[in-house]
Amino acid sequence: MIGLVVGGVLGWLSPDWGNKVYFLRDIFLNLIKSIIAPLIFSTLVVGIAGGGDLKKVGRMGVKALLYFEIVTTIALFIGLGIVNLTKPGVGVSLSAAASEVGQLAQNHPKTLVETLVHIFPASVVDSMVKGDVLQIVAFSVLFAMAVSAIGTKGAPVLRFCESLSQVMFKFTGYVMMFAPIGVGAAMAHTVGTKGLGVLINLAKLIGSLYLALIIFVVVVLGAVAIIARIPIKQFLKAVREPFVIAFATTSSESALPKAMEVMERLGVPPRIVGFVMPTGYSFNLDGTTLYLAMASVFVAQAAEATTGQHMGFGRQLIMMFTLMVTSKGVAAVPRAALVILLATLHSFDLPIEGVAVIFGIDELMDMGRTSVNVLGNCLATAVVARWEGEFDDERAKVFGTPDEARLDVKEGEPAFAAAAAEGD
């Protein structure tokens, strides 16, 4: 948080310095990306092959996808309700230059069939180079099933993956020491390049989005946590660091290793963390789906003054169902949310200049939706763990206390013990 505030002040007082320190943010993100592939691979192999019950994997996958669909659908309709209530698009001019829109148009959201094909990699090395989380998950699950199937012959591989996972958690601890600098540099660049004026320019849309996100987190995710009997105080303590990192860097990937570590420390089995959280990065983007609902109707509201075409609630519902499908094709699409928005506007004959208007403030809105994506995925792992009857309440009670370190030493988990002893 100190890095966030200092970076924002630096960018405001000296925009030039805000741009100069941006390379520190890139270093931080590159270090984080180097962790993701080996961490997901080792965690999933240990969790699945070490558990020995492959039926649990299938059952867990069905439960996770069902939960993802329900929660993201609720997010869509909250966004739809707030944008119709506040009407941020009324009176906004769509005459902004659309130079960046052409770059976005070169990409497209994947269809359902394309998404299914995309899940299975032709080369896992290529997937790891690109940081394609969904493909790494698919390969790791199949690899773990193969290790489990050959029995004792797979024991050396399993031991290697156990060691690798512990090494990667320790590696994550080292990288996180650089997090305040990376976060500060990201914030300095955002304020330095966008300026404080951009906050006023389309403040109503930004305010409406953050209002909707707050309602979603407090009402929906809060209700889910209560129903699933997740200890809210300990959960918030666990997710605060990955949440802030995601907010400042606008990158879900930057928060993934830390989020996986803290959810395991909170009492979610590694098998569930390793499967649910990376999968959720493609199928459980609560903040992004809520944003898409608001942004698409915002453009429709802004276009009404120009085209005279009013989009009624019935047509908005059709648009929401379209977004429910297209938003699942987010994986591996650069500037995914804007790409999907562009495709949706085109499908409903709305002016694509609306994307150019939003482009200028997208990074400010990206902060909110990305951090809510991370928060939602952390909660999803805990909910599925509770659903499976495997949430460790004893570990949750001692999270972040000296008792956690003693519990880790007792259970022989040196990486977590070190993290607990150092504090959050």
# chains A, B, ... in the order shown; residues from 1 in each chain; ligands from 1
call {"tool": "select_by_dssp", "arguments": {"residues": "range 34-183 of chain A", "states": "alpha helix (DSSP H)", "output": "ChimeraX atom specification"}}
result
/A:34-51,54-86,99-105,112-119,124-130,133-149,155-176,179-183
call {"tool": "atom_distance", "arguments": {"atom1": "CA of Ala64 in chain A", "atom2": "CA of Ala380 in chain A"}}
result
7.5 Å
call {"tool": "residues_around", "arguments": {"residues": "Gly8 in chain A", "least_positions_apart": "2", "cutoff": "7 Å", "atoms": "only C-alpha atoms", "output": "PDB file with N, CA and C atoms, in the first residue's frame"}}
result
ATOM      1  N   LEU A   4       2.104   1.770  -3.435  1.00  0.00           N
ATOM      2  CA  LEU A   4       1.006   2.259  -4.274  1.00  0.00           C
ATOM      3  C   LEU A   4       0.860   3.770  -4.140  1.00  0.00           C
ATOM      4  N   VAL A   5       0.833   4.259  -2.887  1.00  0.00           N
ATOM      5  CA  VAL A   5       0.631   5.685  -2.627  1.00  0.00           C
ATOM      6  C   VAL A   5       1.842   6.504  -3.090  1.00  0.00           C
ATOM      7  N   VAL A   6       3.041   6.030  -2.750  1.00  0.00           N
ATOM      8  CA  VAL A   6       4.261   6.756  -3.141  1.00  0.00           C
ATOM      9  C   VAL A   6       4.370   6.833  -4.665  1.00  0.00           C
ATOM     10  N   LEU A  10       4.438  10.218  -6.922  1.00  0.00           N
ATOM     11  CA  LEU A  10       5.559  10.458  -7.833  1.00  0.00           C
ATOM     12  C   LEU A  10       5.057  10.742  -9.250  1.00  0.00           C
ATOM     13  N   GLY A  11       4.107   9.945  -9.719  1.00  0.00           N
ATOM     14  CA  GLY A  11       3.559  10.147 -11.053  1.00  0.00           C
ATOM     15  C   GLY A  11       2.841  11.479 -11.194  1.00  0.00           C
ATOM     16  N   TRP A  12       2.210  11.935 -10.125  1.00  0.00           N
ATOM     17  CA  TRP A  12       1.473  13.200 -10.135  1.00  0.00           C
ATOM     18  C   TRP A  12       2.439  14.389 -10.117  1.00  0.00           C
ATOM     19  N   MET A 187       2.040   2.264 -10.603  1.00  0.00           N
ATOM     20  CA  MET A 187       1.131   3.350 -10.264  1.00  0.00           C
ATOM     21  C   MET A 187       1.674   4.689 -10.733  1.00  0.00           C
ATOM     22  N   ALA A 188       2.984   4.895 -10.608  1.00  0.00           N
ATOM     23  CA  ALA A 188       3.604   6.144 -11.061  1.00  0.00           C
ATOM     24  C   ALA A 188       3.396   6.333 -12.557  1.00  0.00           C
ATOM     25  N   VAL A 191      -0.487   7.207 -13.338  1.00  0.00           N
ATOM     26  CA  VAL A 191      -0.833   8.594 -13.019  1.00  0.00           C
ATOM     27  C   VAL A 191      -0.045   9.556 -13.909  1.00  0.00           C
TER      28      VAL A 191
END
call {"tool": "residues_around", "arguments": {"residues": "Ala300 in chain A", "least_positions_apart": "4", "cutoff": "12 Å", "atoms": "only C-alpha atoms", "output": "PyMOL selection string"}}
result
chain A and resi 83-84+87-94+293-296+304-313+315-316+319+341+344-346+348-355
call {"tool": "residues_around", "arguments": {"residues": "Gly207 in chain A", "least_positions_apart": "3", "cutoff": "12 Å", "atoms": "only C-alpha atoms", "output": "count of residues only"}}
result
22
call {"tool": "residues_around", "arguments": {"residues": "range 19-22 of chain A", "least_positions_apart": "6", "cutoff": "9 Å", "atoms": "only C-alpha atoms", "output": "MDAnalysis selection string"}}
result
chainID A and resid 11 182 184:190 192:193
call {"tool": "closest_residue", "arguments": {"among": "A:Ser127, A:Thr401, A:Thr288, A:Ser347", "to": "Thr73 in chain A", "atoms": "only C-alpha atoms"}}
result
A:Thr288
